[in-house]
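One structure is given below, encoded as structure tokens.
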Amino acid sequence: MYLITMMSMIIFIITIIVMMLATILSKKTLLDREKCSPFECGFDPMNSSRLPFSLRFFLIAIIFLIFDVEIALLLPMIMIIKMSNLLNWTITSMFFILILLLGLYHEWNQGALEWNN
């Protein structure tokens, strides 16, 4: 137990030191106008290069990512059916799928799955 605590403390200290060194060495000038401006062949920009980002698209991408991770968690459940107790496997699988369905229902109820408004 003492060895694990000491190793954790050493790793924590090394991490803090590396983060502090990275912060100190990466100081950049905040008022560098050329680096903050968009590049348009040496000409002044015609309009703002900062276009508004669609929050709707971002939310749909996040929902896709969540369901993609859930599929990655469901696929190994088929492989472990032979190695586990059937009752425990069924209860765990049904509980996991119930959580997924409740999350899907909540997203549908909140209108996050509507593609056009």
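Convention: chains lettered A, B, ... in structure tokens order; per-chain residue numbering from 1; ligands numbered from 1 as shown.
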Fill in: Neighbour list for Ala112 in chain A as a list in words, cut-off 12 Å, only C-alpha atoms, skip fewer than 4 positions in-chain
Leu55, Arg56, Phe57, Phe58, Leu59, Ile60, Ala61, Ile62, Ile63, Phe64, Gly103, Leu104, Tyr105, His106, Glu107, Trp108, Asn116 and Asn117 of chain A
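With distances restricted to only C-alpha atoms, A:Leu100 is the closest residue to Ile66 in chain A from A:Ile11, A:Met83, A:Ile78, A:Leu100.
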Worksheet, complete the sentence: Computed gap from CA of Gly111 in chain A to CA of Ser54 in chain A is 15.9 Å
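Taking range 84-114 of chain A and asking which residues DSSP calls alpha helix (DSSP H) on the backbone, you get Leu86, Leu87, Asn88, Trp89, Thr90, Ile91, Thr92, Ser93, Met94, Phe95, Phe96, Ile97, Leu98, Ile99, Leu100, Leu101, Leu102, Gly103, Leu104, Tyr105, His106, Glu107, Trp108, Asn109 and Gln110 of chain A.
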Please write the residues from the selection above to a file, keeping N, CA and C atoms, as a compact mmCIF listing (two decimals), in the first residue's frame.
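Produced file selection10.txt, reproduced below:
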```
# COMPACT_ATOMS: atom_id res chain seq x y z
N LEU A 86 -25.60 -16.54 -16.81
CA LEU A 86 -26.62 -16.06 -17.73
C LEU A 86 -27.57 -15.06 -17.07
N LEU A 87 -27.94 -15.31 -15.82
CA LEU A 87 -28.85 -14.40 -15.12
C LEU A 87 -28.19 -13.04 -14.89
N ASN A 88 -26.95 -13.05 -14.42
CA ASN A 88 -26.23 -11.78 -14.20
C ASN A 88 -26.03 -11.04 -15.52
N TRP A 89 -25.68 -11.77 -16.57
CA TRP A 89 -25.47 -11.14 -17.87
C TRP A 89 -26.76 -10.51 -18.38
N THR A 90 -27.89 -11.21 -18.23
CA THR A 90 -29.17 -10.69 -18.70
C THR A 90 -29.58 -9.45 -17.93
N ILE A 91 -29.43 -9.48 -16.62
CA ILE A 91 -29.80 -8.32 -15.80
C ILE A 91 -28.93 -7.12 -16.15
N THR A 92 -27.64 -7.33 -16.27
CA THR A 92 -26.72 -6.24 -16.61
C THR A 92 -27.02 -5.68 -18.00
N SER A 93 -27.25 -6.57 -18.96
CA SER A 93 -27.54 -6.12 -20.32
C SER A 93 -28.84 -5.34 -20.39
N MET A 94 -29.87 -5.85 -19.74
CA MET A 94 -31.16 -5.17 -19.77
C MET A 94 -31.10 -3.82 -19.06
N PHE A 95 -30.34 -3.76 -17.96
CA PHE A 95 -30.19 -2.48 -17.25
C PHE A 95 -29.47 -1.46 -18.13
N PHE A 96 -28.41 -1.91 -18.81
CA PHE A 96 -27.66 -1.01 -19.70
C PHE A 96 -28.54 -0.54 -20.86
N ILE A 97 -29.27 -1.44 -21.47
CA ILE A 97 -30.14 -1.07 -22.59
C ILE A 97 -31.28 -0.18 -22.12
N LEU A 98 -31.79 -0.40 -20.90
CA LEU A 98 -32.83 0.47 -20.35
C LEU A 98 -32.32 1.89 -20.17
N ILE A 99 -31.09 2.02 -19.68
CA ILE A 99 -30.50 3.36 -19.53
C ILE A 99 -30.35 4.03 -20.89
N LEU A 100 -29.93 3.28 -21.90
CA LEU A 100 -29.81 3.84 -23.25
C LEU A 100 -31.16 4.28 -23.79
N LEU A 101 -32.18 3.47 -23.59
CA LEU A 101 -33.51 3.83 -24.10
C LEU A 101 -34.09 5.02 -23.36
N LEU A 102 -33.85 5.11 -22.06
CA LEU A 102 -34.31 6.29 -21.31
C LEU A 102 -33.60 7.56 -21.78
N GLY A 103 -32.30 7.44 -22.06
CA GLY A 103 -31.57 8.60 -22.59
C GLY A 103 -32.07 9.00 -23.96
N LEU A 104 -32.35 8.02 -24.81
CA LEU A 104 -32.89 8.31 -26.13
C LEU A 104 -34.26 8.96 -26.04
N TYR A 105 -35.11 8.45 -25.14
CA TYR A 105 -36.44 9.04 -24.95
C TYR A 105 -36.33 10.48 -24.45
N HIS A 106 -35.39 10.73 -23.54
CA HIS A 106 -35.21 12.09 -23.02
C HIS A 106 -34.76 13.04 -24.13
N GLU A 107 -33.81 12.60 -24.95
CA GLU A 107 -33.36 13.44 -26.07
C GLU A 107 -34.50 13.69 -27.06
N TRP A 108 -35.28 12.68 -27.32
CA TRP A 108 -36.42 12.82 -28.24
C TRP A 108 -37.47 13.75 -27.65
N ASN A 109 -37.72 13.62 -26.35
CA ASN A 109 -38.71 14.45 -25.68
C ASN A 109 -38.27 15.91 -25.63
N GLN A 110 -36.99 16.16 -25.49
CA GLN A 110 -36.46 17.53 -25.44
C GLN A 110 -36.34 18.16 -26.83
```
